[in-house]
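Structure file target37.cif with mmCIF, C-alpha atoms:
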```cif
data_entry
loop_
_atom_site.label_atom_id
_atom_site.label_comp_id
_atom_site.auth_asym_id
_atom_site.auth_seq_id
_atom_site.Cartn_x
_atom_site.Cartn_y
_atom_site.Cartn_z
CA MET A 403 19.23 -6.37 14.56
CA THR A 404 20.50 -4.42 11.59
CA THR A 405 18.37 -2.85 8.87
CA LEU A 406 18.92 -2.10 5.21
CA HIS A 407 16.81 0.99 4.52
CA VAL A 408 15.72 1.47 0.90
CA ILE A 409 14.50 4.78 -0.53
CA SER A 410 13.36 5.44 -4.10
CA HIS A 411 11.81 8.93 -3.87
CA SER A 412 13.65 12.08 -4.88
CA PRO A 413 15.04 13.92 -1.83
CA PHE A 414 13.71 17.22 -3.20
CA GLY A 415 10.28 18.00 -1.78
CA ASP A 416 10.02 14.75 0.15
CA ASN A 417 11.07 14.04 3.74
CA ARG A 418 11.77 10.30 3.52
CA LEU A 419 15.54 10.73 3.36
CA THR A 420 15.55 13.21 6.27
CA SER A 421 13.42 10.92 8.44
CA CYS A 422 15.44 7.87 7.46
CA LEU A 423 18.72 9.52 8.42
CA ARG A 424 17.26 10.39 11.84
CA LEU A 425 16.25 6.76 12.38
CA LEU A 426 19.34 5.11 10.87
CA ASP A 427 21.18 3.16 13.55
CA ASN A 428 24.97 3.00 13.49
CA GLN A 429 24.98 -0.54 12.08
CA ASP A 430 22.25 0.14 9.51
CA ALA A 431 22.78 0.78 5.81
CA LEU A 432 21.00 2.88 3.19
CA LEU A 433 20.36 1.90 -0.42
CA LEU A 434 19.21 4.62 -2.80
CA CYS A 435 17.42 3.66 -5.99
CA GLY A 436 15.24 5.37 -8.59
CA ASP A 437 14.92 9.13 -8.10
CA ALA A 438 16.46 8.84 -4.63
CA THR A 439 19.83 8.61 -6.40
CA TYR A 440 19.50 12.35 -7.16
CA ALA A 441 20.65 12.75 -3.56
CA LEU A 442 24.10 11.70 -4.80
CA LYS A 443 24.40 14.56 -7.30
CA PRO A 444 27.64 16.32 -6.31
CA GLY A 445 27.10 19.91 -5.22
CA SER A 446 23.49 19.29 -4.20
CA GLU A 447 22.08 19.92 -0.73
CA PRO A 448 21.24 16.24 0.00
CA TYR A 449 24.77 15.28 -1.15
CA ARG A 450 26.19 17.52 1.58
CA VAL A 451 23.76 16.01 4.11
CA LEU A 452 24.78 12.47 3.16
CA GLN A 453 28.45 13.42 3.28
CA ALA A 454 27.98 14.88 6.77
CA ALA A 455 26.12 11.74 7.89
CA GLY A 456 29.42 9.85 7.50
CA LEU A 457 27.90 6.58 6.31
CA GLU A 458 31.18 5.41 4.75
CA GLN A 459 30.74 1.76 3.77
CA ARG A 460 27.02 1.79 4.58
CA LEU A 461 25.73 3.88 1.68
CA PHE A 462 24.73 2.09 -1.54
CA ALA A 463 23.02 3.02 -4.78
CA LEU A 464 21.52 0.97 -7.57
CA GLU A 465 24.02 1.15 -10.42
CA GLU A 466 21.48 1.33 -13.27
CA ASP A 467 19.75 4.30 -11.65
CA LEU A 468 23.03 6.17 -11.19
CA GLN A 469 24.18 5.50 -14.75
CA ALA A 470 20.81 6.34 -16.28
CA ARG A 471 20.91 9.71 -14.53
CA ALA A 472 24.63 10.38 -15.15
CA ILE A 473 25.32 10.54 -11.42
CA PRO A 474 28.79 9.45 -10.24
CA ASP A 475 29.24 6.76 -7.60
CA GLU A 476 31.79 8.71 -5.58
CA LEU A 477 29.84 8.85 -2.30
CA ALA A 478 27.89 5.58 -2.50
CA LYS A 479 28.92 2.09 -3.53
CA ALA A 480 27.17 1.14 -6.77
CA VAL A 481 25.38 -2.22 -6.69
CA ASP A 482 23.66 -4.33 -9.35
CA TYR A 483 20.65 -6.57 -8.68
CA PRO A 484 22.61 -9.64 -7.50
CA ALA A 485 24.44 -7.34 -5.04
CA PHE A 486 21.07 -5.85 -3.96
CA VAL A 487 19.87 -9.39 -3.19
CA ALA A 488 23.09 -10.08 -1.25
CA LEU A 489 22.71 -6.82 0.71
CA SER A 490 19.15 -7.72 1.66
CA LEU A 491 20.50 -10.91 3.20
CA HIS A 492 23.56 -9.34 4.80
CA TYR A 493 21.35 -7.10 6.92
CA ASP A 494 18.78 -8.68 9.23
CA LYS A 495 15.83 -6.95 7.57
CA VAL A 496 14.91 -4.62 4.74
CA ASN A 497 12.86 -1.49 5.41
CA THR A 498 11.63 0.08 2.19
CA TRP A 499 10.27 3.60 2.58
CA LEU A 500 7.27 3.04 0.29
CA MET B 73 17.25 -18.33 1.47
CA LYS B 74 13.52 -17.65 1.23
CA PHE B 75 12.14 -14.32 0.06
CA ALA B 76 8.66 -12.87 0.32
CA ILE B 77 8.35 -9.96 -2.10
CA ALA B 78 5.58 -7.37 -1.81
CA VAL B 79 4.79 -4.92 -4.61
CA PHE B 80 2.95 -1.67 -3.87
CA SER B 81 3.12 0.11 -7.23
CA PRO B 82 1.49 -0.23 -10.67
CA ALA B 83 3.27 -1.67 -13.69
CA HIS B 84 4.16 1.78 -15.05
CA ALA B 85 6.06 2.73 -11.88
CA PRO B 86 9.84 2.18 -11.90
CA SER B 87 9.55 0.32 -8.59
CA SER B 88 7.37 -2.42 -10.14
CA ARG B 89 10.08 -3.11 -12.71
CA ARG B 90 12.71 -2.92 -9.93
CA ALA B 91 10.80 -5.53 -7.91
CA LEU B 92 10.71 -7.83 -10.95
CA ARG B 93 14.47 -7.44 -11.58
CA PHE B 94 15.13 -8.13 -7.87
CA ALA B 95 12.93 -11.23 -7.99
CA GLU B 96 14.73 -12.49 -11.12
CA ALA B 97 18.11 -11.92 -9.46
CA ALA B 98 16.98 -13.73 -6.30
CA LEU B 99 15.96 -16.83 -8.29
CA ALA B 100 19.10 -16.65 -10.44
CA GLY B 101 21.14 -16.59 -7.21
CA GLY B 102 19.59 -19.89 -6.13
CA HIS B 103 17.15 -18.39 -3.65
CA GLU B 104 13.48 -19.22 -3.29
CA ILE B 105 10.50 -16.87 -3.57
CA THR B 106 7.87 -18.21 -1.21
CA ARG B 107 5.25 -15.69 -2.30
CA LEU B 108 4.71 -12.51 -4.27
CA PHE B 109 2.10 -10.25 -2.71
CA PHE B 110 0.53 -7.30 -4.53
CA TYR B 111 -0.99 -4.60 -2.33
CA GLN B 112 -2.28 -1.04 -2.67
CA ASP B 113 -1.58 0.26 -6.21
CA GLY B 114 0.54 -2.86 -6.73
CA VAL B 115 -2.65 -4.68 -7.73
CA HIS B 116 -2.39 -2.84 -11.08
CA SER B 117 0.92 -4.60 -11.73
CA ALA B 118 -1.12 -7.81 -12.00
CA SER B 119 -3.76 -6.41 -14.34
CA ALA B 120 -4.15 -8.22 -17.66
CA ASN B 121 -5.69 -5.10 -19.20
CA VAL B 122 -2.57 -2.96 -19.23
CA VAL B 123 -1.68 -2.01 -22.81
CA ALA B 124 1.86 -0.65 -23.00
CA PRO B 125 2.83 1.42 -26.06
CA GLN B 126 4.77 -0.75 -28.54
CA ASP B 127 8.06 1.02 -27.89
CA GLU B 128 7.77 0.76 -24.10
CA GLN B 129 8.34 -2.10 -21.67
CA ASP B 130 5.24 -4.09 -20.79
CA VAL B 131 6.06 -4.77 -17.14
CA ALA B 132 2.62 -6.24 -16.39
CA ALA B 133 3.17 -8.85 -19.12
CA GLN B 134 6.68 -9.50 -17.81
CA TRP B 135 5.27 -10.13 -14.34
CA ARG B 136 2.68 -12.50 -15.77
CA SER B 137 5.23 -14.56 -17.67
CA PHE B 138 7.68 -14.52 -14.75
CA VAL B 139 5.02 -15.86 -12.38
CA SER B 140 3.85 -18.50 -14.88
CA HIS B 141 7.33 -19.59 -15.91
CA HIS B 142 8.53 -20.14 -12.34
CA GLN B 143 5.11 -21.29 -11.10
CA LEU B 144 5.23 -18.81 -8.24
CA ASP B 145 2.64 -18.25 -5.59
CA ALA B 146 1.38 -14.78 -6.58
CA VAL B 147 -1.33 -13.26 -4.42
CA VAL B 148 -3.22 -10.05 -5.12
CA CYS B 149 -4.91 -8.48 -2.09
CA ILE B 150 -8.63 -8.80 -2.67
CA ALA B 151 -9.71 -5.66 -0.78
CA ALA B 152 -7.09 -3.48 -2.50
CA ALA B 153 -7.95 -5.03 -5.89
CA LEU B 154 -11.74 -4.56 -5.63
CA ARG B 155 -11.25 -0.92 -4.63
CA ARG B 156 -9.13 -0.38 -7.77
CA GLY B 157 -11.18 -2.41 -10.23
CA VAL B 158 -8.84 -5.38 -10.57
CA LEU B 159 -11.20 -8.36 -10.71
CA ASP B 160 -11.05 -12.06 -11.41
CA GLU B 161 -13.99 -13.85 -12.97
CA ALA B 162 -15.67 -14.73 -9.67
CA GLU B 163 -15.52 -11.14 -8.38
CA ALA B 164 -16.63 -9.65 -11.70
CA ASN B 165 -19.65 -11.95 -11.56
CA ARG B 166 -20.32 -11.28 -7.90
CA TYR B 167 -20.35 -7.49 -8.37
CA GLN B 168 -21.72 -7.61 -11.94
CA ARG B 169 -18.83 -5.76 -13.52
CA PRO B 170 -18.24 -5.92 -17.29
CA ALA B 171 -14.53 -6.85 -17.36
CA VAL B 172 -12.23 -9.47 -15.90
CA ASN B 173 -8.60 -8.38 -15.71
CA LEU B 174 -7.10 -10.89 -13.31
CA PRO B 175 -6.96 -14.36 -14.89
CA LYS B 176 -4.52 -17.05 -13.76
CA PRO B 177 -1.71 -17.19 -12.60
CA TRP B 178 -2.84 -14.64 -9.99
CA GLU B 179 -4.84 -15.49 -6.90
CA LEU B 180 -7.07 -13.01 -5.10
CA SER B 181 -6.82 -13.43 -1.37
CA GLY B 182 -6.60 -11.55 1.92
CA LEU B 183 -3.90 -9.70 3.83
CA GLY B 184 -3.39 -12.77 6.00
CA GLN B 185 -1.38 -14.12 3.03
CA LEU B 186 1.11 -11.28 3.43
CA HIS B 187 1.58 -12.11 7.11
CA GLU B 188 1.88 -15.81 6.39
CA ALA B 189 4.52 -15.11 3.72
CA ALA B 190 6.46 -12.86 6.12
CA GLN B 191 6.41 -15.62 8.73
CA VAL B 192 7.70 -18.29 6.35
CA ALA B 193 10.35 -16.22 4.55
CA ASP B 194 13.81 -15.23 5.75
CA ARG B 195 13.29 -11.76 4.29
CA LEU B 196 10.28 -9.64 3.41
CA VAL B 197 11.28 -7.12 0.75
CA CYS B 198 8.80 -4.43 -0.33
CA PHE B 199 8.83 -2.32 -3.48
CA GLY B 200 6.78 0.78 -4.11
CA GLY B 201 6.75 4.45 -4.83
CA ASP B 202 8.96 5.93 -7.56
CA MET C 1181 8.39 -18.28 17.80
CA ALA C 1182 6.53 -16.06 15.33
CA SER C 1183 8.56 -13.25 13.82
CA SER C 1184 7.57 -9.75 14.87
CA LEU C 1185 6.51 -7.01 12.47
CA LEU C 1186 6.64 -3.24 12.94
CA ILE C 1187 4.31 -1.27 10.67
CA ILE C 1188 5.41 2.34 10.21
CA SER C 1189 2.51 4.47 9.02
CA ARG C 1190 3.57 7.83 7.62
CA GLN C 1191 0.58 8.93 5.53
CA ALA C 1192 -1.92 11.60 6.53
CA PRO C 1193 -5.40 10.14 7.13
CA TRP C 1194 -7.58 11.66 4.38
CA ASN C 1195 -5.16 11.39 1.48
CA GLY C 1196 -6.70 8.38 -0.29
CA PRO C 1197 -6.74 4.87 1.14
CA SER C 1198 -3.04 4.69 2.14
CA ALA C 1199 -3.43 5.25 5.88
CA ARG C 1200 -6.38 2.86 6.07
CA GLU C 1201 -4.52 0.21 4.09
CA ALA C 1202 -1.53 0.48 6.44
CA LEU C 1203 -3.88 0.01 9.38
CA ASP C 1204 -5.50 -2.98 7.63
CA ILE C 1205 -2.12 -4.75 7.62
CA ALA C 1206 -1.95 -4.33 11.40
CA LEU C 1207 -5.55 -5.46 11.95
CA ALA C 1208 -5.08 -8.52 9.73
CA GLY C 1209 -1.92 -9.51 11.60
CA GLY C 1210 -3.57 -8.93 14.95
CA ALA C 1211 -6.35 -11.32 13.98
CA PHE C 1212 -3.68 -14.02 13.54
CA ASP C 1213 -2.26 -13.20 16.95
CA LEU C 1214 1.11 -12.16 15.49
CA PRO C 1215 3.52 -9.96 17.47
CA LEU C 1216 2.92 -6.56 15.89
CA GLY C 1217 3.82 -2.98 16.56
CA MET C 1218 2.63 0.18 14.88
CA LEU C 1219 4.56 3.42 14.70
CA PHE C 1220 3.10 6.72 13.50
CA LEU C 1221 5.79 8.79 11.79
CA ASP C 1222 5.93 11.96 9.69
CA ASP C 1223 2.42 12.88 8.40
CA GLY C 1224 1.17 9.58 9.89
CA VAL C 1225 0.88 11.33 13.27
CA PHE C 1226 -2.03 13.37 11.85
CA GLN C 1227 -4.06 10.14 12.10
CA LEU C 1228 -3.87 10.57 15.87
CA ALA C 1229 -5.12 14.17 16.10
CA SER C 1230 -8.29 14.61 18.12
CA GLY C 1231 -11.50 16.33 16.99
CA GLN C 1232 -11.29 15.45 13.30
CA GLN C 1233 -14.52 15.36 11.26
CA PRO C 1234 -13.85 13.19 8.21
CA ALA C 1235 -17.61 12.83 7.59
CA LEU C 1236 -17.41 16.28 6.00
CA LEU C 1237 -15.23 14.66 3.32
CA GLN C 1238 -17.54 11.64 3.08
CA GLN C 1239 -14.79 9.58 4.69
CA LYS C 1240 -15.11 6.90 7.34
CA ASN C 1241 -13.60 7.76 10.68
CA LEU C 1242 -10.16 6.18 10.85
CA ALA C 1243 -9.96 6.84 14.61
CA ALA C 1244 -12.63 4.19 15.25
CA ASN C 1245 -10.48 1.61 13.45
CA LEU C 1246 -7.34 2.80 15.22
CA GLN C 1247 -9.07 2.27 18.54
CA ALA C 1248 -9.73 -1.33 17.51
CA LEU C 1249 -5.99 -2.05 17.41
CA PRO C 1250 -5.66 -3.08 21.08
CA MET C 1251 -8.78 -5.26 20.72
CA PHE C 1252 -7.09 -7.00 17.79
CA GLY C 1253 -4.06 -7.67 19.96
CA VAL C 1254 -1.95 -4.83 18.57
CA GLU C 1255 -0.94 -3.20 21.81
CA GLU C 1256 2.48 -1.84 20.93
CA LEU C 1257 1.61 1.60 19.60
CA PHE C 1258 4.16 4.37 19.15
CA ALA C 1259 4.43 7.88 17.80
CA CYS C 1260 7.51 9.85 16.82
CA ALA C 1261 8.11 12.80 19.17
CA HIS C 1262 9.90 14.80 16.46
CA SER C 1263 7.02 14.34 13.97
CA LEU C 1264 4.43 15.40 16.59
CA GLN C 1265 6.41 18.45 17.64
CA GLN C 1266 7.09 19.48 14.01
CA ARG C 1267 3.35 19.39 13.33
CA GLY C 1268 2.19 21.19 16.47
CA LEU C 1269 0.59 18.10 18.00
CA ASP C 1270 0.61 17.45 21.73
CA GLY C 1271 1.39 13.83 22.64
CA SER C 1272 -0.96 13.95 25.62
CA THR C 1273 -4.13 14.81 23.63
CA LEU C 1274 -4.05 12.09 20.98
CA GLU C 1275 -6.95 9.81 19.96
CA LEU C 1276 -4.99 6.69 20.80
CA PRO C 1277 -2.83 5.72 23.78
CA VAL C 1278 0.60 5.69 22.16
CA GLN C 1279 4.11 5.78 23.55
CA VAL C 1280 5.85 8.90 22.30
CA LEU C 1281 9.46 8.09 21.46
CA ASP C 1282 12.50 10.23 20.69
CA ASP C 1283 14.89 9.38 17.86
CA ALA C 1284 17.21 7.20 19.96
CA ALA C 1285 14.25 5.16 21.24
CA LEU C 1286 12.92 4.85 17.67
CA ARG C 1287 16.25 3.47 16.48
CA ALA C 1288 16.14 0.88 19.27
CA LEU C 1289 12.50 0.10 18.40
CA ILE C 1290 13.25 -0.58 14.74
CA ALA C 1291 16.25 -2.71 15.73
CA ARG C 1292 14.08 -4.82 18.05
CA PHE C 1293 11.56 -6.01 15.42
CA ASP C 1294 12.26 -8.88 13.04
CA GLN C 1295 10.62 -7.15 10.09
CA VAL C 1296 9.55 -3.61 9.23
CA VAL C 1297 7.12 -2.26 6.63
CA THR C 1298 6.95 1.50 6.07
CA LEU C 1299 3.91 2.78 4.18
#
```
Written as structure tokens, how would this file's structure read?
Amino acid sequence: MTTLHVISHSPFGDNRLTSCLRLLDNQDALLLCGDATYALKPGSEPYRVLQAAGLEQRLFALEEDLQARAIPDELAKAVDYPAFVALSLHYDKVNTWL
Amino acid sequence: MKFAIAVFSPAHAPSSRRALRFAEAALAGGHEITRLFFYQDGVHSASANVVAPQDEQDVAAQWRSFVSHHQLDAVVCIAAALRRGVLDEAEANRYQRPAVNLPKPWELSGLGQLHEAAQVADRLVCFGGD
Amino acid sequence: MASSLLIISRQAPWNGPSAREALDIALAGGAFDLPLGMLFLDDGVFQLASGQQPALLQQKNLAANLQALPMFGVEELFACAHSLQQRGLDGSTLELPVQVLDDAALRALIARFDQVVTL
């Protein structure tokens, strides 16, 4: 069964993103929201890690959090709340890293 | 589809607001919310005693009106709530505390309600942290 | 058929009520005879370290509650090998009989459960 992993903590000084990437199966997806979207800041260390992870169509970010932080959606697909709901149903379960 | 939504953060945390927006979008999309469950610091999202500054969002009040408007089943974990001073009238009386901050529409109940919700729903979606 | 739930506990034991409240979810589910698993990940593996003396911090001993898990029907207990190794913990000297899993086995574990909660 596939999993949509959701992270909202900043990748700086927190190991959720690192652990999640280790446990992400090849059919799983990752949605970044809140301060976790700082991982998508071009030129940053987590950006390079995410790029190397090669998630392609499986990396998403909450649009309002990207826009509020002036972070481009070049690496992740930006989603609004209706799309977040749809994603949660597309994958078999949602694992939020609380 | 049926959603169970669990909230683990207080009203001032971005994730409490995010949970509310998700819940609104789920209902707007024609889905059902079988239960909202508030656990850990999420019990503060149900507190009636939150006073938000006038120029800031009052997410606790938004939760209250969302739950009332859609007549949702909204359960606050009793053990987590007592530990954090979120009390309904019965508990305030039982423990002789001076304030009640959990009037209707919230229900205080046990963790079994989270498991029951997860069993009934197609998806359990949790919100917490930042 | 009841849907299965994997609880991933990744909080250190004496950092407020988080670890205990994660365990309470497992104990509550076990009481209802639900198919449950519990995985200790990241700092959560510190809950399994032997010889801890939480009484010095006026804390209840979490290990006693952890040991109740099998009695409550929660018999699927796992720990992350990487997290243990990172933190200098030896999988053979833990307080609880857990299966120590590598990353590939953890990915398969998460895939197997119907629902997952990570606290």
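Taking CA of Leu1269 (chain C) and CA of Pro1215 (chain C) as endpoints, the distance between them is 28.2 Å.
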With a distance threshold of 10 Å and counting only C-alpha atoms, extract the residues of chain C near chain B and express them as number ranges by chain.
C: 1181-1185, 1197-1198, 1201-1202, 1204-1212, 1214, 1294-1299
Give the residues of chain A that lie within 7 Å of chain C; count only C-alpha atoms, and format the answer as a VMD selection string.
chain A and resid 403 to 404 424 to 427 495 497 to 500
Separation of CA of Asn121 (chain B) and CA of Asp437 (chain A), in Å?
27.4 Å
For the PyMOL selection byres ((chain A and resi 458) around 12), applied here, can you spell out every residue it catches as a PyMOL selection string?
chain A and resi 428-432+452-457+459-462+476-479
Select, as number ranges by chain, those residues of chain A with any atom no more than 10 Å from chain B (distances computed using all atoms listed in the file).
A: 408-412, 435-438, 464, 482-488, 490-491, 493-500
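For the pair CA of Leu1249 (chain C) and CA of Gln1279 (chain C), the interatomic distance is 14.2 Å.
Under the PyMOL selection byres ((chain B and resi 160) around 7), the matching residues in the shown file are Leu159, Glu161, Ala162, Glu163, Ala164, Val172, Asn173, Leu174 and Pro175 of chain B.
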Leaving out region 129-141 of chain B and any residue of its chain fewer than 5 positions from it, which residues lie within 9 Å of it when counting all atoms listed in the file, given as an mmCIF file with C-alpha atoms, keeping the file's coordinate frame?
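Result file is result.cif:
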```cif
data_model
loop_
_atom_site.group_PDB
_atom_site.id
_atom_site.type_symbol
_atom_site.label_atom_id
_atom_site.label_comp_id
_atom_site.auth_asym_id
_atom_site.auth_seq_id
_atom_site.Cartn_x
_atom_site.Cartn_y
_atom_site.Cartn_z
ATOM 1 C CA PRO B 82 1.490 -0.230 -10.670
ATOM 2 C CA ALA B 83 3.270 -1.670 -13.690
ATOM 3 C CA HIS B 84 4.160 1.780 -15.050
ATOM 4 C CA SER B 88 7.370 -2.420 -10.140
ATOM 5 C CA ARG B 89 10.080 -3.110 -12.710
ATOM 6 C CA LEU B 92 10.710 -7.830 -10.950
ATOM 7 C CA GLU B 96 14.730 -12.490 -11.120
ATOM 8 C CA LEU B 108 4.710 -12.510 -4.270
ATOM 9 C CA HIS B 116 -2.390 -2.840 -11.080
ATOM 10 C CA SER B 117 0.920 -4.600 -11.730
ATOM 11 C CA ALA B 118 -1.120 -7.810 -12.000
ATOM 12 C CA SER B 119 -3.760 -6.410 -14.340
ATOM 13 C CA ALA B 120 -4.150 -8.220 -17.660
ATOM 14 C CA ASN B 121 -5.690 -5.100 -19.200
ATOM 15 C CA VAL B 122 -2.570 -2.960 -19.230
ATOM 16 C CA VAL B 123 -1.680 -2.010 -22.810
ATOM 17 C CA ALA B 124 1.860 -0.650 -23.000
ATOM 18 C CA ALA B 146 1.380 -14.780 -6.580
ATOM 19 C CA LYS B 176 -4.520 -17.050 -13.760
ATOM 20 C CA PRO B 177 -1.710 -17.190 -12.600
ATOM 21 C CA TRP B 178 -2.840 -14.640 -9.990
#
```
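The neighbours of Leu1219 (chain C) here are the residues that come within 8 Å of it, using only C-alpha atoms and leaving out any residue fewer than 4 positions away in the same chain; they are Leu1186, Ile1187, Ile1188, Ser1189, Leu1257, Phe1258, Ala1259 and Cys1260 of chain C.
Closest approach to Arg418 (chain A) among C:Asp1270, C:Gln1191, C:Asn1241, C:Val1225: C:Gln1191, based on only C-alpha atoms.
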